[in-house]
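So this one's start_32.tsv, TSV, C-alpha atoms and all ligand atoms:
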chain	number	residue	atom	x	y	z
A	6	MET	CA	34.46	29.89	-34.04
A	7	SER	CA	33.44	27.41	-36.77
A	8	THR	CA	35.76	24.63	-37.87
A	9	ALA	CA	35.92	26.07	-41.37
A	10	ARG	CA	37.71	29.19	-40.14
A	11	LYS	CA	40.29	27.38	-38.08
A	12	ILE	CA	43.80	26.98	-39.41
A	13	ASN	CA	44.80	23.36	-39.83
A	14	VAL	CA	48.15	22.60	-38.17
A	15	PHE	CA	48.34	19.06	-39.49
A	16	GLY	CA	51.21	18.73	-41.95
A	17	LEU	CA	53.31	21.57	-40.56
A	18	SER	CA	57.01	20.77	-40.29
A	19	LEU	CA	58.89	21.04	-37.00
A	20	LYS	CA	60.02	24.52	-38.00
A	21	GLY	CA	56.45	25.41	-38.97
A	22	MET	CA	55.18	24.41	-35.53
A	23	GLU	CA	57.95	26.29	-33.76
A	24	ASP	CA	57.08	29.40	-35.81
A	25	LEU	CA	53.40	28.94	-34.99
A	26	MET	CA	54.07	28.83	-31.25
A	27	VAL	CA	56.38	31.85	-31.44
A	28	ALA	CA	53.59	33.71	-33.28
A	29	HIS	CA	51.37	32.90	-30.28
A	30	GLY	CA	53.96	34.37	-27.90
A	31	GLU	CA	55.43	31.03	-26.80
A	32	LYS	CA	58.98	29.66	-26.84
A	33	PRO	CA	60.03	27.50	-29.83
A	34	PHE	CA	60.23	24.35	-27.69
A	35	ARG	CA	56.42	24.46	-27.42
A	36	GLY	CA	56.41	23.84	-31.19
A	37	ARG	CA	58.49	20.70	-30.66
A	38	GLN	CA	56.00	19.53	-28.06
A	39	LEU	CA	53.10	20.17	-30.43
A	40	PHE	CA	54.97	18.27	-33.16
A	41	GLN	CA	55.26	15.27	-30.83
A	42	TRP	CA	51.62	15.43	-29.81
A	43	ILE	CA	50.41	15.41	-33.39
A	44	TYR	CA	52.81	13.02	-35.13
A	45	GLN	CA	54.12	10.78	-32.37
A	46	LYS	CA	51.11	10.57	-30.07
A	47	GLU	CA	48.65	11.11	-32.94
A	48	SER	CA	46.54	13.48	-30.88
A	49	THR	CA	44.01	15.67	-32.66
A	50	ASP	CA	42.59	17.28	-29.52
A	51	PHE	CA	44.43	20.34	-28.16
A	52	THR	CA	42.52	20.15	-24.88
A	53	GLN	CA	44.24	16.83	-24.10
A	54	MET	CA	47.79	18.17	-24.59
A	55	SER	CA	48.68	17.99	-20.95
A	56	ASN	CA	52.07	19.73	-20.99
A	57	PHE	CA	50.47	22.97	-22.25
A	58	ASN	CA	48.78	25.26	-19.72
A	59	LYS	CA	45.04	25.77	-19.99
A	60	GLU	CA	45.40	29.20	-21.56
A	61	LEU	CA	47.53	27.81	-24.41
A	62	ARG	CA	45.28	24.78	-24.89
A	63	ASP	CA	42.23	27.03	-25.20
A	64	LEU	CA	44.01	29.38	-27.58
A	65	LEU	CA	45.06	26.52	-29.87
A	66	ASP	CA	41.59	25.02	-29.71
A	67	ALA	CA	39.99	28.33	-30.66
A	68	LYS	CA	42.28	29.12	-33.57
A	69	HIS	CA	43.38	25.77	-34.96
A	70	ASP	CA	42.38	22.23	-35.68
A	71	VAL	CA	44.09	19.01	-36.70
A	72	ARG	CA	42.48	17.77	-39.88
A	73	LEU	CA	43.64	14.62	-41.65
A	74	PRO	CA	42.45	13.76	-45.15
A	75	GLU	CA	39.55	11.29	-45.23
A	76	VAL	CA	39.00	8.02	-47.06
A	77	VAL	CA	35.87	8.33	-49.20
A	78	ARG	CA	35.98	5.02	-51.04
A	79	LYS	CA	37.76	1.71	-50.77
A	80	GLN	CA	38.18	-1.08	-53.32
A	81	ARG	CA	39.86	-4.39	-52.61
A	82	ASP	CA	41.19	-6.75	-55.25
A	83	PRO	CA	39.45	-10.04	-54.43
A	84	GLU	CA	42.42	-12.17	-55.49
A	85	ASP	CA	45.54	-10.51	-54.17
A	86	THR	CA	43.90	-8.28	-51.45
A	87	THR	CA	45.54	-5.12	-52.76
A	88	ALA	CA	43.38	-2.26	-51.46
A	89	LYS	CA	42.93	1.07	-53.19
A	90	TYR	CA	41.64	4.08	-51.25
A	91	LEU	CA	40.23	7.29	-52.63
A	92	VAL	CA	41.48	10.03	-50.31
A	93	LYS	CA	39.82	13.44	-50.14
A	94	PHE	CA	41.46	16.67	-48.93
A	95	SER	CA	39.81	19.72	-47.40
A	96	ASP	CA	39.42	21.49	-50.78
A	97	GLY	CA	37.66	18.44	-52.26
A	98	ALA	CA	40.68	17.32	-54.34
A	99	MET	CA	41.12	13.55	-54.39
A	100	VAL	CA	43.99	11.15	-54.95
A	101	GLU	CA	44.48	7.43	-54.71
A	102	MET	CA	46.67	5.55	-52.31
A	103	VAL	CA	47.19	1.81	-52.41
A	104	LEU	CA	48.12	-0.75	-49.76
A	105	ILE	CA	49.78	-3.78	-51.28
A	106	PRO	CA	50.47	-7.05	-49.47
A	107	VAL	CA	54.13	-8.02	-49.48
A	108	ARG	CA	54.39	-11.34	-47.69
A	109	GLU	CA	53.31	-10.64	-44.07
A	110	ARG	CA	53.61	-6.89	-44.38
A	111	LEU	CA	52.13	-4.06	-46.42
A	112	ALA	CA	53.62	-1.50	-48.76
A	113	LEU	CA	52.05	1.90	-49.27
A	114	CYS	CA	51.94	3.51	-52.69
A	115	MET	CA	51.15	7.18	-52.13
A	116	SER	CA	50.45	10.13	-54.42
A	117	SER	CA	52.43	13.33	-54.62
A	118	GLN	CA	50.22	15.40	-56.94
A	119	VAL	CA	46.57	15.61	-57.94
A	120	GLY	CA	46.93	14.36	-61.50
A	121	CYS	CA	50.17	14.64	-63.43
A	122	SER	CA	51.50	16.93	-66.14
A	123	ILE	CA	53.96	14.46	-67.70
A	124	GLY	CA	51.49	12.48	-69.81
A	125	CYS	CA	53.27	9.14	-70.22
A	126	LYS	CA	51.51	7.20	-72.93
A	127	PHE	CA	51.03	4.04	-70.87
A	128	CYS	CA	49.67	5.74	-67.75
A	129	ALA	CA	46.07	6.39	-66.74
A	130	THR	CA	47.07	9.38	-64.61
A	131	GLY	CA	48.80	10.97	-67.59
A	132	LEU	CA	45.49	10.90	-69.45
A	133	VAL	CA	43.79	12.89	-66.68
A	134	GLY	CA	46.16	15.88	-66.62
A	135	PHE	CA	47.53	17.96	-63.76
A	136	LYS	CA	45.43	19.70	-61.11
A	137	ARG	CA	47.76	20.70	-58.26
A	138	ASN	CA	50.65	19.68	-56.04
A	139	LEU	CA	49.97	18.02	-52.71
A	140	SER	CA	51.26	19.79	-49.61
A	141	ALA	CA	53.67	18.02	-47.27
A	142	GLY	CA	50.77	17.68	-44.82
A	143	GLU	CA	48.59	15.96	-47.42
A	144	MET	CA	51.34	13.39	-47.99
A	145	ILE	CA	51.90	12.93	-44.25
A	146	GLY	CA	48.12	12.50	-44.00
A	147	GLN	CA	48.19	9.61	-46.49
A	148	PHE	CA	50.95	7.98	-44.44
A	149	MET	CA	49.04	8.31	-41.18
A	150	LEU	CA	45.79	7.10	-42.74
A	151	ALA	CA	47.65	4.11	-44.17
A	152	ARG	CA	49.27	3.29	-40.87
A	153	ASN	CA	45.86	3.31	-39.21
A	154	LEU	CA	44.46	1.05	-41.96
A	155	THR	CA	47.11	-1.65	-41.75
A	156	GLY	CA	45.49	-3.35	-38.74
A	157	ASP	CA	47.92	-5.81	-37.20
A	158	LYS	CA	50.20	-5.79	-40.24
A	159	GLU	CA	53.37	-3.75	-40.32
A	160	LEU	CA	53.89	-1.01	-42.90
A	161	ALA	CA	57.11	-2.15	-44.54
A	162	ASN	CA	57.87	0.67	-46.91
A	163	VAL	CA	56.45	3.60	-48.83
A	164	VAL	CA	56.81	4.23	-52.53
A	165	MET	CA	55.90	7.50	-54.17
A	166	MET	CA	54.49	5.91	-57.30
A	167	GLY	CA	50.85	6.92	-57.13
A	168	LEU	CA	49.46	9.95	-58.90
A	169	GLY	CA	52.00	12.55	-59.93
A	170	GLU	CA	55.69	13.04	-60.59
A	171	PRO	CA	57.24	13.51	-57.10
A	172	LEU	CA	60.23	15.48	-58.37
A	173	LEU	CA	57.91	18.17	-59.74
A	174	ASN	CA	56.79	18.66	-56.13
A	175	LEU	CA	60.25	18.23	-54.68
A	176	GLU	CA	60.23	20.59	-51.69
A	177	ASN	CA	56.96	19.21	-50.32
A	178	VAL	CA	57.97	15.59	-50.93
A	179	VAL	CA	61.25	16.05	-49.07
A	180	GLU	CA	59.55	17.93	-46.24
A	181	ALA	CA	57.00	15.12	-45.90
A	182	ILE	CA	59.71	12.43	-45.79
A	183	ARG	CA	61.76	14.42	-43.28
A	184	THR	CA	58.75	14.90	-41.02
A	185	ILE	CA	57.70	11.25	-41.22
A	186	SER	CA	61.26	10.05	-40.59
A	187	SER	CA	61.97	12.51	-37.76
A	188	GLU	CA	62.65	10.88	-34.41
A	189	GLN	CA	60.38	13.48	-32.83
A	190	GLY	CA	57.71	12.73	-35.41
A	191	LEU	CA	56.72	9.35	-36.79
A	192	GLY	CA	60.20	7.78	-36.71
A	193	PHE	CA	59.71	5.85	-39.97
A	194	SER	CA	63.12	5.70	-41.62
A	195	ALA	CA	63.73	7.76	-44.77
A	196	ARG	CA	65.49	4.67	-46.15
A	197	LYS	CA	62.12	2.91	-46.28
A	198	PHE	CA	60.92	5.45	-48.85
A	199	THR	CA	61.41	5.13	-52.58
A	200	ILE	CA	60.86	8.14	-54.78
A	201	SER	CA	59.83	7.12	-58.26
A	202	THR	CA	60.63	9.49	-61.09
A	203	VAL	CA	60.06	9.50	-64.78
A	204	GLY	CA	63.61	10.89	-65.02
A	205	LEU	CA	64.06	14.67	-64.64
A	206	VAL	CA	67.76	15.45	-64.73
A	207	ASN	CA	67.82	18.81	-62.92
A	208	GLU	CA	65.47	17.65	-60.19
A	209	ILE	CA	67.49	14.47	-59.60
A	210	ARG	CA	70.58	16.64	-59.17
A	211	LYS	CA	68.70	18.85	-56.67
A	212	LEU	CA	67.55	15.77	-54.78
A	213	THR	CA	71.14	14.55	-54.64
A	214	GLU	CA	72.21	17.87	-53.09
A	215	MET	CA	69.51	17.49	-50.42
A	216	ARG	CA	71.32	14.34	-49.24
A	217	LEU	CA	68.15	12.39	-48.55
A	218	LYS	CA	68.80	8.70	-47.95
A	219	SER	CA	65.63	7.46	-49.62
A	220	GLY	CA	65.72	5.07	-52.57
A	221	LEU	CA	65.28	6.29	-56.13
A	222	ALA	CA	63.38	4.39	-58.80
A	223	LEU	CA	63.80	5.50	-62.40
A	224	SER	CA	60.90	4.74	-64.73
A	225	LEU	CA	63.22	3.88	-67.59
A	226	HIS	CA	60.84	1.81	-69.74
A	227	ALA	CA	63.03	2.09	-72.84
A	228	PRO	CA	66.83	1.93	-73.10
A	229	ILE	CA	66.92	3.70	-76.48
A	230	GLN	CA	66.47	7.48	-76.53
A	231	SER	CA	64.23	7.67	-79.63
A	232	LEU	CA	61.94	4.93	-78.32
A	233	ARG	CA	61.79	6.50	-74.86
A	234	GLU	CA	60.69	9.81	-76.41
A	235	ARG	CA	57.72	8.06	-78.02
A	236	LEU	CA	56.57	6.74	-74.64
A	237	ILE	CA	57.48	9.56	-72.25
A	238	PRO	CA	57.05	13.18	-73.42
A	239	SER	CA	59.62	14.57	-70.94
A	240	ALA	CA	62.32	12.20	-72.24
A	241	LYS	CA	63.24	14.61	-75.01
A	242	ASP	CA	64.46	17.24	-72.53
A	243	ASN	CA	66.03	14.63	-70.27
A	244	PRO	CA	68.15	12.49	-72.58
A	245	LEU	CA	69.61	9.23	-71.37
A	246	ASP	CA	73.19	10.46	-71.72
A	247	LYS	CA	72.47	13.04	-68.99
A	248	LEU	CA	69.87	11.11	-67.04
A	249	ILE	CA	71.96	8.02	-66.32
A	250	PRO	CA	74.94	9.99	-64.92
A	251	ALA	CA	72.54	12.02	-62.72
A	252	CYS	CA	71.06	8.78	-61.35
A	253	ARG	CA	74.54	7.40	-60.81
A	254	GLU	CA	75.41	10.44	-58.68
A	255	TYR	CA	72.27	9.89	-56.63
A	256	ALA	CA	73.14	6.23	-56.09
A	257	LEU	CA	76.63	7.14	-54.89
A	258	GLN	CA	75.25	9.77	-52.51
A	259	SER	CA	72.51	7.58	-51.03
A	260	GLY	CA	74.66	4.44	-50.91
A	261	ASP	CA	71.86	2.44	-52.53
A	262	ARG	CA	71.30	1.08	-56.01
A	263	ILE	CA	68.81	2.74	-58.34
A	264	THR	CA	65.80	0.64	-59.27
A	265	LEU	CA	65.23	0.70	-63.03
A	266	GLU	CA	61.56	0.18	-63.69
A	267	TYR	CA	60.93	-1.34	-67.08
A	268	ILE	CA	57.51	-1.97	-68.62
A	269	LEU	CA	57.43	-4.82	-71.08
A	270	ILE	CA	55.10	-3.85	-73.93
A	271	ALA	CA	54.55	-6.39	-76.69
A	272	GLY	CA	56.57	-5.61	-79.80
A	273	ILE	CA	57.69	-2.23	-78.42
A	274	THR	CA	59.90	-2.64	-75.34
A	275	ASP	CA	60.11	-6.44	-75.13
A	276	THR	CA	62.37	-6.86	-78.18
A	277	MET	CA	65.83	-8.43	-78.10
A	278	LEU	CA	67.29	-5.11	-79.30
A	279	CYS	CA	65.89	-3.47	-76.17
A	280	ALA	CA	67.17	-6.30	-73.98
A	281	LYS	CA	70.71	-5.84	-75.38
A	282	GLU	CA	70.62	-2.06	-74.98
A	283	LEU	CA	69.26	-2.40	-71.45
A	284	ALA	CA	72.07	-4.79	-70.52
A	285	LEU	CA	74.64	-2.31	-71.84
A	286	LEU	CA	73.04	0.58	-69.97
A	287	THR	CA	73.14	-1.22	-66.64
A	288	ARG	CA	76.94	-1.28	-66.78
A	289	LYS	CA	76.94	2.49	-66.29
A	290	ILE	CA	75.00	2.63	-63.03
A	291	PRO	CA	74.65	0.74	-59.73
A	292	CYS	CA	71.15	-0.65	-60.28
A	293	LYS	CA	68.62	-3.41	-60.08
A	294	ILE	CA	66.00	-4.03	-62.75
A	295	ASN	CA	62.31	-4.52	-62.16
A	296	LEU	CA	60.46	-5.90	-65.20
A	297	ILE	CA	56.73	-5.22	-65.27
A	298	PRO	CA	54.52	-6.75	-67.96
A	299	TYR	CA	52.26	-4.03	-69.36
A	300	ASN	CA	49.04	-3.58	-67.38
A	301	PRO	CA	46.34	-2.21	-69.70
A	302	ILE	CA	44.79	1.15	-68.89
A	303	VAL	CA	41.09	0.94	-68.15
A	304	ASP	CA	38.39	3.54	-68.66
A	305	PRO	CA	36.31	4.84	-65.72
A	306	LYS	CA	33.98	1.82	-66.05
A	307	GLY	CA	36.91	-0.56	-65.76
A	308	VAL	CA	36.89	-1.49	-69.46
A	309	PRO	CA	40.41	-1.71	-70.92
A	310	LEU	CA	41.20	0.84	-73.62
A	311	ALA	CA	43.04	-1.96	-75.39
A	312	PRO	CA	42.05	-5.60	-74.96
A	313	ILE	CA	43.77	-7.47	-72.13
A	314	LYS	CA	45.22	-10.39	-74.04
A	315	GLU	CA	48.58	-11.78	-74.83
A	316	VAL	CA	49.75	-11.44	-78.41
A	317	LYS	CA	52.01	-13.60	-80.47
A	318	LYS	CA	55.24	-12.08	-81.73
A	319	GLY	CA	54.97	-10.51	-85.17
A	320	ARG	CA	51.31	-9.54	-84.88
A	321	VAL	CA	51.91	-6.32	-83.04
A	322	ALA	CA	53.28	-4.31	-85.95
A	323	ALA	CA	50.02	-4.78	-87.79
A	324	MET	CA	48.01	-3.32	-84.91
A	325	ARG	CA	46.56	0.12	-85.03
A	326	GLY	CA	48.94	3.06	-84.77
A	327	THR	CA	52.29	1.42	-84.29
A	328	THR	CA	53.73	2.18	-87.71
A	329	ALA	CA	52.26	5.65	-88.33
A	330	ARG	CA	54.71	8.52	-88.79
A	331	THR	CA	54.55	12.31	-88.62
A	332	SER	CA	56.76	14.75	-90.54
A	333	ASP	CA	59.09	14.76	-87.47
A	334	GLY	CA	59.50	10.98	-87.51
A	335	PRO	CA	57.60	8.20	-85.73
A	336	LYS	CA	54.58	9.56	-83.90
A	337	PRO	CA	54.27	9.15	-80.11
A	338	TYR	CA	52.50	5.97	-79.06
A	339	SER	CA	48.94	5.93	-77.77
A	340	PRO	CA	47.37	3.49	-75.28
A	341	TYR	CA	45.78	1.66	-78.23
A	342	ASP	CA	49.24	0.58	-79.37
A	343	PHE	CA	50.02	-1.33	-76.19
A	344	ARG	CA	49.54	-5.01	-75.44
A	345	THR	CA	50.74	-7.33	-72.71
A	346	PRO	CA	53.57	-9.51	-74.07
A	347	SER	CA	53.26	-13.28	-74.36
A	348	GLN	CA	54.79	-15.33	-71.56
A	349	ASP	CA	57.41	-16.57	-74.06
A	350	ALA	CA	58.48	-13.03	-74.87
A	351	ILE	CA	58.67	-12.13	-71.17
A	352	ASP	CA	60.77	-15.22	-70.43
A	353	GLN	CA	63.13	-14.57	-73.33
A	354	PHE	CA	63.69	-10.97	-72.26
A	355	ARG	CA	64.37	-11.92	-68.68
A	356	GLU	CA	66.63	-14.84	-69.58
A	357	TYR	CA	68.76	-12.58	-71.78
A	358	LEU	CA	69.19	-10.06	-68.97
A	359	TYR	CA	69.58	-12.41	-66.07
A	360	PRO	CA	73.23	-13.45	-66.45
A	361	ARG	CA	74.29	-10.05	-67.77
A	362	CYS	CA	72.71	-7.68	-65.24
A	363	PRO	CA	73.20	-7.43	-61.48
A	364	ALA	CA	69.63	-8.09	-60.28
A	365	VAL	CA	66.54	-8.73	-62.37
A	366	THR	CA	63.10	-9.21	-60.93
A	367	LEU	CA	59.85	-9.89	-62.74
A	368	ARG	CA	56.70	-8.85	-60.96
A	369	THR	CA	53.13	-9.71	-61.80
A	370	PRO	CA	51.04	-6.57	-61.54
A	371	LYS	CA	48.93	-6.43	-58.40
A	372	GLY	CA	45.61	-4.71	-58.07
A	373	ARG	CA	44.84	-5.21	-61.75
A	374	ARG	CA	41.18	-5.87	-61.01
A	375	ILE	CA	40.81	-2.51	-59.27
A	376	ALA	CA	43.00	-0.49	-61.69
A	377	ALA	CA	45.16	0.41	-58.73
A	378	ALA	CA	46.91	3.78	-58.66
A	379	CYS	CA	48.90	4.69	-61.70
A	380	GLY	CA	47.70	1.76	-63.80
A	381	GLN	CA	51.17	0.39	-64.33
A	382	LEU	CA	53.00	1.21	-61.22
A	383	VAL	CA	51.58	-0.80	-58.38
A	384	ALA	CA	53.57	-3.90	-59.27
A	385	GLN	CA	56.74	-1.97	-58.58
A	386	VAL	CA	55.86	-1.50	-54.94
A	387	GLU	CA	56.47	-5.11	-54.14
A	388	LYS	CA	59.96	-4.86	-55.57
A	389	ALA	CA	60.81	-1.82	-53.50
A	390	ALA	CA	59.77	-3.71	-50.36
A	391	GLY	CA	62.68	-6.06	-51.04
B	401	LIG	S1	53.81	7.36	-65.12
B	401	LIG	FE1	54.13	8.82	-63.45
B	401	LIG	S2	55.09	10.59	-64.49
B	401	LIG	FE2	54.15	9.34	-66.12
B	401	LIG	S3	52.09	10.25	-66.37
B	401	LIG	FE3	51.92	8.55	-64.90
B	401	LIG	S4	52.05	9.59	-62.89
B	401	LIG	FE4	52.90	11.00	-64.42

Turn this file's structure into structure tokens for me.
Amino acid sequence: MSTARKINVFGLSLKGMEDLMVAHGEKPFRGRQLFQWIYQKESTDFTQMSNFNKELRDLLDAKHDVRLPEVVRKQRDPEDTTAKYLVKFSDGAMVEMVLIPVRERLALCMSSQVGCSIGCKFCATGLVGFKRNLSAGEMIGQFMLARNLTGDKELANVVMMGLGEPLLNLENVVEAIRTISSEQGLGFSARKFTISTVGLVNEIRKLTEMRLKSGLALSLHAPIQSLRERLIPSAKDNPLDKLIPACREYALQSGDRITLEYILIAGITDTMLCAKELALLTRKIPCKINLIPYNPIVDPKGVPLAPIKEVKKGRVAAMRGTTARTSDGPKPYSPYDFRTPSQDAIDQFREYLYPRCPAVTLRTPKGRRIAAACGQLVAQVEKAAG
């Protein structure tokens, strides 16, 4: 039988493997053994699975295979050694995953969807649009590929901040984390995962009910509802007065603080008004703040859509698009409106927050020279590694 007709068992959950073995006339415990062979012993060859009899090994070999996604391209940032991998699945769909150095270890930024339907104005992925969800197996595949690529360095943590909004693929994301963290599987603690969300109230509540112990990062980016709506289309249906309580519930359930991701965009989110509102907001939620200077989106040739340069305060309002209005009020921003703030503006913002907020970190974006992952989001990985 050709490989193309075989059913791939890679990515099946423990229950999925038990069901598979029962369908082949075996007891469920054979599924647990298969689970261990594939995820713990990383075997892809049924004929080597020595605790199965020959008849079962041959049957599995005839009907199934163990197919991981493959790396089709690699780029490495020459300065900070961040490495971006283009990963291809069996249907030809591709996503990016990024390995980011964090001191002596590495952090993995993995994707949860092919593309993204949210369309945040500052995000390269949002410009591409949504193609499909990744299966749990395709996420487990990224993890296993990454673990094999780390060499002698330890994989410290995993952040779901690559392509896609993880909470719009909630069931598969949770199944992937449960499989990876299972003692019978890869044994990588669920607490080492951070799920990054743009802030979807209902999905955060569902995640809370699932009682997962992973970290949650909220892409806040603006502490004022009207401003947030101009940056993040889904903010209108997920207002801050509902979103913050939902995140608070998650923090109480998981026993860990929420990370508030905050992009500093010159003249837009780096103002003192925003700093004051952000300080007030942090009183309502156990959190830490991660400030990320805006990382310009680049086109497929690597040319920034807006020039990478710092701007002096006061010049931004005169730039294209920032003051235009529609009949419904200020129009949503476009990538052409965004600039990296000056170092002075960054320092002022951070210094205002620092004594007023529990934990404030400023991260320099990594992988800028290879437009890593979601354009903006790679810098956040380092923070999540702690
Ligand atoms: S920032 Fe995240 S949610 Fe927003 S468009 Fe990009 S991938 Fe989607």

Using all atoms listed in the file, what does the table of chain A residues within 8 Å of ligand LIG 401 (chain B) look like, with each row giving the shortest atom pair and its distance in Å to one decimal, sorted by chain and ascending number, as a tab-separated table?
residue	atom	partner	partner_atom	distance
A:Gly120	CA	B:LIG401	S4	7.1
A:Cys121	CA	B:LIG401	FE4	4.7
A:Ser122	CA	B:LIG401	FE4	6.3
A:Ile123	CA	B:LIG401	S3	4.8
A:Gly124	CA	B:LIG401	S3	4.1
A:Cys125	CA	B:LIG401	S3	4.2
A:Lys126	CA	B:LIG401	S3	7.3
A:Phe127	CA	B:LIG401	S1	7.2
A:Cys128	CA	B:LIG401	FE3	4.6
A:Ala129	CA	B:LIG401	FE3	6.5
A:Thr130	CA	B:LIG401	FE3	4.9
A:Gly131	CA	B:LIG401	S3	3.6
A:Leu132	CA	B:LIG401	S3	7.3
A:Met166	CA	B:LIG401	FE1	6.8
A:Gly167	CA	B:LIG401	S4	6.5
A:Leu168	CA	B:LIG401	S4	4.8
A:Gly169	CA	B:LIG401	S4	4.2
A:Glu170	CA	B:LIG401	S2	4.6
A:Ser201	CA	B:LIG401	FE1	7.9
A:Thr202	CA	B:LIG401	S2	6.6
A:Val203	CA	B:LIG401	S2	5.1
A:Ser224	CA	B:LIG401	S1	7.6
A:Ile237	CA	B:LIG401	FE2	7.0
A:Cys379	CA	B:LIG401	FE3	5.9
A:Gln381	CA	B:LIG401	S1	7.5
A:Leu382	CA	B:LIG401	S1	7.3

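Using all atoms listed in the file, the nearest neighbour of Glu180 (chain A) within the list A:Met215, A:Leu278, A:Leu104, A:Ala251 is A:Met215.
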
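Taking all atoms listed in the file into account, the polymer residues that have an atom no farther than 8 Å from (62.3, 5.4, -60.1) are Thr199, Ile200, Ser201, Thr202, Val203, Gly204, Leu221, Ala222, Leu223, Ser224, Leu225, Ile263, Thr264, Leu265 and Glu266 of chain A.
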
Open item on the list: Which residues are close to region 186-198 of chain A, i.e. within 6 Å by all atoms listed in the file, leaving aside same-chain residues fewer than 5 positions away? Reply as a list in words.
Closed with: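 Final neighbour list, sorted by chain and number: Gln41, Tyr44, Gln45, Asn162, Val163, Val164, Lys218 and Ser219 of chain A.
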
Task: Between CA of Pro363 (chain A) and CA of Leu257 (chain A) - distance in Å to one decimal - done: 16.4 Å

Task: Point-to-point distance from CA of Leu111 (chain A) to CA of Glu84 (chain A), Å rounded to tenths - done: 15.6 Å

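Note that CA of Val206 (chain A) and CA of Ser259 (chain A) are 16.5 Å apart.
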
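The nearest approach to Leu367 (chain A) among the residues A:His69, A:Lys293, A:Arg344, A:Arg262, with all atoms listed in the file taken into account, belongs to A:Lys293.
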
Open item on the list: For Ala271 (chain A), find every residue with an atom within 7 Å (counting all atoms listed in the file), except residues of its own chain fewer than 5 positions away, and show them as a list in words.
Closed with: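 Once the nearby chain positions are removed, what remains is Val321, Phe343, Arg344, Thr345 and Pro346 of chain A.
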
May I have the selected residues written with C-alpha atoms, as a CSV table (one decimal), in the coordinates of the input?
chain,number,residue,atom,x,y,z
A,321,VAL,CA,51.9,-6.3,-83.0
A,343,PHE,CA,50.0,-1.3,-76.2
A,344,ARG,CA,49.5,-5.0,-75.4
A,345,THR,CA,50.7,-7.3,-72.7
A,346,PRO,CA,53.6,-9.5,-74.1

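With all atoms listed in the file taken into account, the protein and nucleic acid residues at most 10 Å from Gln258 (chain A) (excluding it and anything under 4 positions from it in its own chain) are Thr213, Glu214, Met215, Arg216, Leu217, Lys218, Cys252, Arg253 and Glu254 of chain A.
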
Open item on the list: Please return as a VMD selection string every residue within 9 Å of (51.3, -8.2, -73.1), taking into account all atoms listed in the file and the file's own coordinates.
Closed with: chain A and resid 269 to 272 298 to 301 313 to 316 343 to 348 350 to 351

Residues within 9 Å of Phe51 (chain A), all atoms listed in the file, excluding chain neighbours under 2 positions, as an mmCIF file with C-alpha atoms, keeping the file's coordinate frame:
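Listed below is the output, out07.cif:
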data_model
loop_
_atom_site.group_PDB
_atom_site.id
_atom_site.type_symbol
_atom_site.label_atom_id
_atom_site.label_comp_id
_atom_site.auth_asym_id
_atom_site.auth_seq_id
_atom_site.Cartn_x
_atom_site.Cartn_y
_atom_site.Cartn_z
ATOM 1 C CA LEU A 39 53.100 20.170 -30.430
ATOM 2 C CA TRP A 42 51.620 15.430 -29.810
ATOM 3 C CA SER A 48 46.540 13.480 -30.880
ATOM 4 C CA THR A 49 44.010 15.670 -32.660
ATOM 5 C CA GLN A 53 44.240 16.830 -24.100
ATOM 6 C CA MET A 54 47.790 18.170 -24.590
ATOM 7 C CA SER A 55 48.680 17.990 -20.950
ATOM 8 C CA PHE A 57 50.470 22.970 -22.250
ATOM 9 C CA LEU A 61 47.530 27.810 -24.410
ATOM 10 C CA ARG A 62 45.280 24.780 -24.890
ATOM 11 C CA ASP A 63 42.230 27.030 -25.200
ATOM 12 C CA LEU A 65 45.060 26.520 -29.870
ATOM 13 C CA ASP A 66 41.590 25.020 -29.710
ATOM 14 C CA HIS A 69 43.380 25.770 -34.960
ATOM 15 C CA ASP A 70 42.380 22.230 -35.680
ATOM 16 C CA VAL A 71 44.090 19.010 -36.700
#
